[in-house]
Amino acid sequence: MIIIGLTGGIGMGKSTIAKQFAILGAKTCSADACVHKLLGQGGAAVSSVQSHFPDAVKSGIVDRKILGQIVFTDKEKLKLLENILHPLVQEMEGAFIAKAHRMGTKMVVLDIPLLFETAGENRVDYTVVVSAPALLQRQRVMGRKGMTAEKFERIIASQMQDLEKRNRADFVIPTGLGKAYSFKMVKQLVQNL
């Protein structure tokens with residue numbers, strides 16, 4: 001079974017590319033979806049988050065907006081949150097991979113925004129970076145509900161630069177030339193692997 005680590009900065013098109021891999025038969029696991037489960041009702045991270053960030057938990061559910069306001073302005077608090085979440089996400093990814101292996105799946109895609117930042121490249125066979133021009137990235141992200149220029153700049157500053165990700169990747173999928181073009185690139189990659 002081939003394990004692909006899919007990454008890219010905010011607004012680069014990771015979700016679209018993950019869906020394209022799925023259309024071609026790959027099983028996909030999103031780190032963001034894992035985090036949503038971990039922070040939701042009955043989630044495995046709720047009690048730890050509550051003990052460190054009590055203001056962020058309401059009725060047994062982590063309020064992601066409040067949590068974001070707490071951690072994205074304080075690097076130490078962000079690191080603490082990452083130390084809570086990253087091992088749990090990796091545990092969920094491991095269970096996903098084990099299940100896919102038992103089912104005879106040929107290819108899995110782990111959609112991990114912080115792939116290189118968490119040394120995730122050591123847990124996959126190939127790394128794929130999704131990339132788009134900075135102007136298009138900004139346009140996509142600024143179109144999201146609740147996004148502000150300040151918030152966008154803060155997110156960009158906290159992520160590894162696109163150029164560095166592309167330099168570290170085994171493969172780069174451009175998403176600035178339309179979905180048909182990126183799908184052609186994904187299809188070619190799947191066939192080659």
# chains A, B, ... in the order shown; residues from 1 in each chain; ligands from 1
call {"tool": "select_by_dssp", "arguments": {"residues": "range 43-76 of chain A", "states": "strand (DSSP E or B)", "output": "VMD selection string"}}
result
chain A and resid 57 to 58 61 to 62
call {"tool": "closest_atom_pairs", "arguments": {"of": "range 43-149 of chain A", "to": "range 14-36 of chain A", "cutoff": "7 Å", "atoms": "only C-alpha atoms", "output": "Markdown table"}}
result
| residue | atom | partner | partner_atom | distance |
| --- | --- | --- | --- | --- |
| A:Val89 | CA | A:Cys34 | CA | 6.0 |
| A:Glu93 | CA | A:Cys29 | CA | 6.9 |
| A:Met107 | CA | A:Ala26 | CA | 5.0 |
| A:Val108 | CA | A:Lys27 | CA | 4.7 |
| A:Val109 | CA | A:Thr28 | CA | 4.6 |
| A:Leu110 | CA | A:Cys29 | CA | 5.0 |
| A:Asp111 | CA | A:Ser30 | CA | 4.6 |
| A:Ile112 | CA | A:Ala31 | CA | 5.3 |
| A:Val130 | CA | A:Lys14 | CA | 6.0 |
call {"tool": "write_last_selection", "arguments": {"atoms": "N, CA and C atoms", "output": "CSV table (one decimal), in the first residue's frame"}}
result
chain,number,residue,atom,x,y,z
A,89,VAL,N,-4.0,13.0,16.6
A,89,VAL,CA,-4.2,13.0,15.2
A,89,VAL,C,-3.4,11.8,14.6
A,93,GLU,N,-4.7,8.7,12.4
A,93,GLU,CA,-4.2,8.4,11.1
A,93,GLU,C,-3.6,6.9,11.0
A,107,MET,N,-3.9,2.6,-2.2
A,107,MET,CA,-3.3,3.9,-1.9
A,107,MET,C,-4.1,4.7,-0.9
A,108,VAL,N,-3.4,5.3,0.1
A,108,VAL,CA,-4.1,6.2,1.0
A,108,VAL,C,-3.4,7.6,0.9
A,109,VAL,N,-4.2,8.6,1.2
A,109,VAL,CA,-3.8,10.0,1.2
A,109,VAL,C,-4.0,10.6,2.6
A,110,LEU,N,-3.0,11.0,3.2
A,110,LEU,CA,-3.1,11.7,4.5
A,110,LEU,C,-3.0,13.2,4.2
A,111,ASP,N,-4.1,13.9,4.4
A,111,ASP,CA,-4.2,15.4,4.1
A,111,ASP,C,-3.8,16.0,5.4
A,112,ILE,N,-2.5,16.5,5.5
A,112,ILE,CA,-1.9,17.0,6.7
A,112,ILE,C,-1.3,18.4,6.4
A,130,VAL,N,0.5,20.9,-2.6
A,130,VAL,CA,-0.4,21.6,-3.5
A,130,VAL,C,-0.1,23.0,-3.4
call {"tool": "atom_distance", "arguments": {"atom1": "CA of Gly5 in chain A", "atom2": "CA of Val124 in chain A"}}
result
5.8 Å
call {"tool": "select_by_dssp", "arguments": {"residues": "range 14-119 of chain A", "states": "alpha helix (DSSP H)", "output": "number ranges by chain"}}
result
A: 14-23, 31-39, 46-52, 64-71, 75-102
call {"tool": "closest_residue", "arguments": {"among": "A:Arg123, A:Lys184, A:Arg154, A:Arg168", "to": "Val71 in chain A", "atoms": "only C-alpha atoms"}}
result
A:Arg154
call {"tool": "closest_residue", "arguments": {"among": "A:Ala134, A:Leu163, A:Leu177, A:Leu193", "to": "Met12 in chain A", "atoms": "only C-alpha atoms"}}
result
A:Ala134
call {"tool": "closest_residue", "arguments": {"among": "A:Val129, A:Ala44, A:Met147, A:Val49", "to": "Leu115 in chain A", "atoms": "only C-alpha atoms"}}
result
A:Val129
call {"tool": "atom_distance", "arguments": {"atom1": "CA of Thr105 in chain A", "atom2": "CA of Tyr126 in chain A"}}
result
16.2 Å
